[in-house]
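Notes for the one structure printed next.
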Amino acid sequence: MDLSQAVRRLPFEIPEPAATIEVAPGVLWLRLGLPFKLDHVNVWLIEDGDGWTAVDTGLHDQRTCRIWQRVLEDRLGGRPLRRVIATHFHPDHVGMAGWLAEQTGSSLWMPEREWRMARLLTAPVTDHDLAEFVEFYRRAGFPADMEAVCRARIRHYARCVSRIPELAQPLEEDDVIAIGGRGWRVLIGAGHSPQQAVLYCPEIGVLISGDQVLPEISPNVSVVPRESANDPLGDFLASLPRFLDLPADTRVLPSHRWPFAGLHERVHTLLHHHDDRLAATLAACGQPSSGLTILKALFERELDDHQLFFAIGETLAHLCHLIHRGQIRRIDGEDGVHLYERVA
């Protein structure tokens with residue numbers, strides 16, 4: 001199914017680096033670059049009385065620091081940044097939070113599980129952590145020569161974020177945050193991350209959707225080390241229908257690509273997409289196969305190391321959900337690699 005067919009791009013030009021575009025009353029769009037195939041993240045700046053609130057921050061690197069410096073000096077009308085809301089712990093969303101706190105004195109607001117995950121991933125890596133990480137991917141079918149890649153990967157997060165503030169205002173489902181005289185209700189999504197904050201303002205009919213609902217692409221939903229017994233895809237699929245309770249004409253401001261309309265249609269498309277992916281995953285389990293073998297059946301294109309880790313996590317998430325459904329089982333091969341097969 002074409003993932004772009006159900007949405008309509010809203011008529012805004014993509015902002016240039018360090019420039020902003022107003023996309024709703026008092027809401028500015030800032031687009032920051034990323035050094036990956038998905039080469040940008042959207043940040044939303046909301047007028048907040050005599051200051052501003054930012055939703056998400058971008059990755060911490062020299063280029064992003066320079067852009068934020070220009071934004072703080074030139075784009076906010078002389079009013080300070082007082083608050084940062086991080087939708088979730090991924091580095092392109094919280095990476096600059098510590099830097100911004102140091103530069104502006106802004107406070108950090110984010111769901112507690114997301115903040116704790118960010119703090120955990122910036123802690124020093126122990127030998128035990130590394131061994132656990134390498135063993136997780138070995139059991140997924142990675143060859144022995146991938147160990148060096150695993151070693152680099154486990155330290156990737158800490159290299160992409162500034163110091164995570166020691167305190168954060170926790171966000172929970174149905175909290176209402178007053179920003180610029182309007183109430184923004186917190187909706188909690190799951191699957192892509194443990195407790196992602198999504199913000200809805202009924203007064204202006206806008207949903208800041210984070211990575212929970214994106215146009216064109218499906219957010220990555222992965223099984224990762226330390227959480228290998230969870231069912232993140234099940235959590236993701238269960239969380240999507242709550243957005244059908246919002247008005248059909250809600251305008252969506254996502255973390256990637258562009259603002260769009262067609263929220264209900266997009267939710268249905270995402271649900272159908274994962275039905276198709278689950279069917280393809282089940283078909284690949286006709287004989288006992290490792291996660292890496294099944295990945296190769298699902299992803300025909302060439303993957304670089306960065307994409308490979310996302311792809312194996314997504315493959316394992318689909319396998320884990322099929323296990324929870326009782327459609328496949330996991331067995332241990334002679335070498336300790338996990339193998340997956342259909343239940344007769």
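Simple scheme: letters A, B, ... for chains in structure tokens order, numbers from 1 for residues in each chain, numbers from 1 for ligands in the order shown.
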### Query
In region 47-272 of chain A, what's alpha helix (DSSP H) per DSSP? Answer as a ChimeraX atom specification?
/A:62-74,91-94,97-104,112-121,127-139,147-154,156-160,232-239,263-272
### Task
Step one, run DSSP on the backbone; step two, keep only residues of region 134-294 of chain A assigned to strand (DSSP E); then write them as a ChimeraX atom specification.
/A:169-170,176-179,182-189,196-201,206-210,251-254,260-261,289-290
Restricting the output to N, CA and C atoms, write the selected residues as a compact mmCIF listing (two decimals), in the first residue's frame.
```
# COMPACT_ATOMS: atom_id res chain seq x y z
N GLN A 169 10.50 18.21 34.13
CA GLN A 169 9.09 18.21 34.51
C GLN A 169 8.41 17.05 33.81
N PRO A 170 7.89 16.07 34.53
CA PRO A 170 7.31 14.89 33.87
C PRO A 170 5.97 15.20 33.20
N VAL A 176 -2.56 18.98 30.70
CA VAL A 176 -2.80 20.13 29.83
C VAL A 176 -1.74 21.18 30.15
N ILE A 177 -0.96 21.54 29.16
CA ILE A 177 0.12 22.51 29.32
C ILE A 177 -0.36 23.85 28.78
N ALA A 178 -0.29 24.88 29.58
CA ALA A 178 -0.66 26.22 29.14
C ALA A 178 0.53 26.84 28.41
N ILE A 179 0.35 27.11 27.12
CA ILE A 179 1.39 27.73 26.31
C ILE A 179 0.76 28.90 25.56
N ARG A 182 -3.08 29.20 25.54
CA ARG A 182 -3.86 28.08 25.02
C ARG A 182 -3.48 26.81 25.75
N GLY A 183 -4.42 25.87 25.82
CA GLY A 183 -4.14 24.59 26.44
C GLY A 183 -3.73 23.56 25.40
N TRP A 184 -2.62 22.89 25.66
CA TRP A 184 -2.13 21.81 24.81
C TRP A 184 -2.22 20.51 25.62
N ARG A 185 -3.07 19.59 25.16
CA ARG A 185 -3.28 18.33 25.88
C ARG A 185 -2.22 17.31 25.48
N VAL A 186 -1.70 16.62 26.47
CA VAL A 186 -0.69 15.59 26.23
C VAL A 186 -1.38 14.26 25.95
N LEU A 187 -1.06 13.66 24.83
CA LEU A 187 -1.45 12.28 24.51
C LEU A 187 -0.18 11.45 24.51
N ILE A 188 -0.22 10.27 25.07
CA ILE A 188 0.96 9.43 25.15
C ILE A 188 0.88 8.32 24.10
N GLY A 189 1.88 8.28 23.24
CA GLY A 189 2.01 7.22 22.26
C GLY A 189 3.04 6.21 22.72
N GLN A 196 6.01 8.26 24.41
CA GLN A 196 6.18 9.46 23.60
C GLN A 196 5.05 10.46 23.83
N ALA A 197 5.42 11.73 24.00
CA ALA A 197 4.44 12.80 24.22
C ALA A 197 4.01 13.40 22.89
N VAL A 198 2.72 13.43 22.67
CA VAL A 198 2.11 14.07 21.51
C VAL A 198 1.22 15.19 22.04
N LEU A 199 1.20 16.35 21.39
CA LEU A 199 0.52 17.53 21.92
C LEU A 199 -0.61 17.95 21.00
N TYR A 200 -1.79 18.15 21.58
CA TYR A 200 -2.96 18.55 20.80
C TYR A 200 -3.56 19.83 21.37
N CYS A 201 -3.77 20.80 20.49
CA CYS A 201 -4.40 22.06 20.88
C CYS A 201 -5.74 22.18 20.18
N VAL A 206 -4.61 21.74 16.06
CA VAL A 206 -3.26 21.31 15.67
C VAL A 206 -2.79 20.18 16.56
N LEU A 207 -2.20 19.17 15.95
CA LEU A 207 -1.57 18.05 16.64
C LEU A 207 -0.08 18.07 16.33
N ILE A 208 0.76 18.21 17.34
CA ILE A 208 2.21 18.03 17.17
C ILE A 208 2.46 16.55 17.46
N SER A 209 2.70 15.78 16.41
CA SER A 209 2.60 14.32 16.50
C SER A 209 3.91 13.61 16.78
N GLY A 210 5.03 14.36 16.93
CA GLY A 210 6.31 13.68 17.15
C GLY A 210 6.58 12.68 16.05
N ARG A 251 -4.97 19.48 11.84
CA ARG A 251 -3.72 19.67 11.10
C ARG A 251 -2.58 19.06 11.90
N VAL A 252 -1.73 18.29 11.23
CA VAL A 252 -0.70 17.51 11.91
C VAL A 252 0.67 18.11 11.62
N LEU A 253 1.41 18.37 12.69
CA LEU A 253 2.78 18.86 12.59
C LEU A 253 3.70 17.72 13.05
N PRO A 254 4.28 16.96 12.12
CA PRO A 254 5.08 15.79 12.47
C PRO A 254 6.55 16.14 12.65
N PHE A 260 0.70 18.14 7.50
CA PHE A 260 -0.26 17.50 6.61
C PHE A 260 -1.66 17.47 7.23
N ALA A 261 -2.63 17.21 6.38
CA ALA A 261 -4.02 16.95 6.77
C ALA A 261 -4.36 15.52 6.37
N SER A 289 14.43 -19.85 11.01
CA SER A 289 15.32 -18.85 10.42
C SER A 289 15.69 -17.82 11.48
N SER A 290 16.88 -17.28 11.35
CA SER A 290 17.33 -16.25 12.28
C SER A 290 16.68 -14.91 11.94
```
#### Entry: Arg163 (chain A) environment, 12 Å, only C-alpha atoms, sequence neighbours closer than 5 positions dropped, as a list of chain:residue names
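Here the qualifying residues turn out to be A:His60, A:Pro91, A:Val94, A:Gly95, A:Met96, A:Ala97, A:Gly98, A:Trp99, A:Leu100, A:Ala101, A:Glu102, A:Leu108, A:Trp115, A:Ala118, A:Arg119, A:Leu120, A:Leu121, A:Thr122, A:Ala123, A:Tyr157, A:Ala158.
Nearest-residue note for Trp109 (chain A): choosing from A:Gly78, A:Glu135, A:Thr53, A:Val7, the minimum distance belongs to A:Thr53, counting only C-alpha atoms.
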### Summary
re CA of Thr315 (chain A) and CA of Leu38 (chain A): distance 19.1 Å
### Query
Can you tell me, as a list in words, what residues are no more than 9 Å from region 293-295 of chain A when counting only C-alpha atoms, ignoring any on the same chain fewer than 3 positions away?
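Once the nearby chain positions are removed, what remains is Ala140, Gly141, Thr281, Ala284, Cys285, Ser289, Ser290, Leu298, Phe299, Glu300, Ala311, Ile312, Glu314, Thr315, Leu316 and Tyr340 of chain A.
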### Task
One decimal, Å: what's the distance from CA of Arg330 (chain A) over to CA of Asp276 (chain A), could you say?
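Pair CA of Arg330 (chain A) / CA of Asp276 (chain A) returns 21.1 Å.
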### Query
Residues at most 9 Å from Leu246 (chain A), counting only C-alpha atoms, excluding those fewer than 4 positions away in the same chain, as a ChimeraX atom specification?
/A:200,202,242,250,263-264
With C-alpha atoms retained, export the selected residues as a tab-separated table (two decimals), in the first residue's frame.
```tsv
chain	number	residue	atom	x	y	z
A	200	TYR	CA	-2.96	18.55	20.80
A	202	PRO	CA	-8.16	22.00	20.21
A	242	ARG	CA	-6.78	6.95	19.98
A	250	THR	CA	-6.90	18.24	12.61
A	263	LEU	CA	-5.01	12.28	10.24
A	264	HIS	CA	-7.70	9.58	10.28
```
### Task
Have a look at A:Arg301, A:Arg75, A:Arg153, A:Arg329 and name the one nearest to Glu22 (chain A); count only C-alpha atoms.
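The closest residue to Glu22 (chain A) is A:Arg75.
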#### Entry: A:Val213, A:Met110, A:Leu319, A:Val84 ranked by distance to Glu173 (chain A), top pick (using only C-alpha atoms)
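Nearest candidate to Glu173 (chain A) out of A:Val213, A:Met110, A:Leu319, A:Val84: A:Met110.
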### Message
I want to know what sits within 10 Å of Asp48 (chain A), based on only C-alpha atoms, with residues of the same chain fewer than 5 positions away left out; could you give that as a list of chain:residue names?
### Response
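Skipping anything fewer than 5 positions along the chain leaves A:Gly26, A:Val27, A:Thr53, A:Ala54, A:Arg79, A:Pro80, A:Leu81, A:Arg82, A:Arg83, A:Ala178, A:Ile179, A:Gly180, A:Gly181, A:Arg182.
Atom pair CA of Tyr137 (chain A) / CA of Arg155 (chain A) has a distance of 15.2 Å (rounded to one decimal).
Of the residues under consideration (A:Pro11, A:Ile154, A:Arg277, A:Val161), A:Ile154 shows the shortest atom-to-atom contact distance to Thr126 (chain A) when counting only C-alpha atoms.
Each of A:His40, A:Arg151, A:His338, A:His88 was checked against Pro288 (chain A) using only C-alpha atoms; the smallest atom-to-atom distance is that of A:His338.
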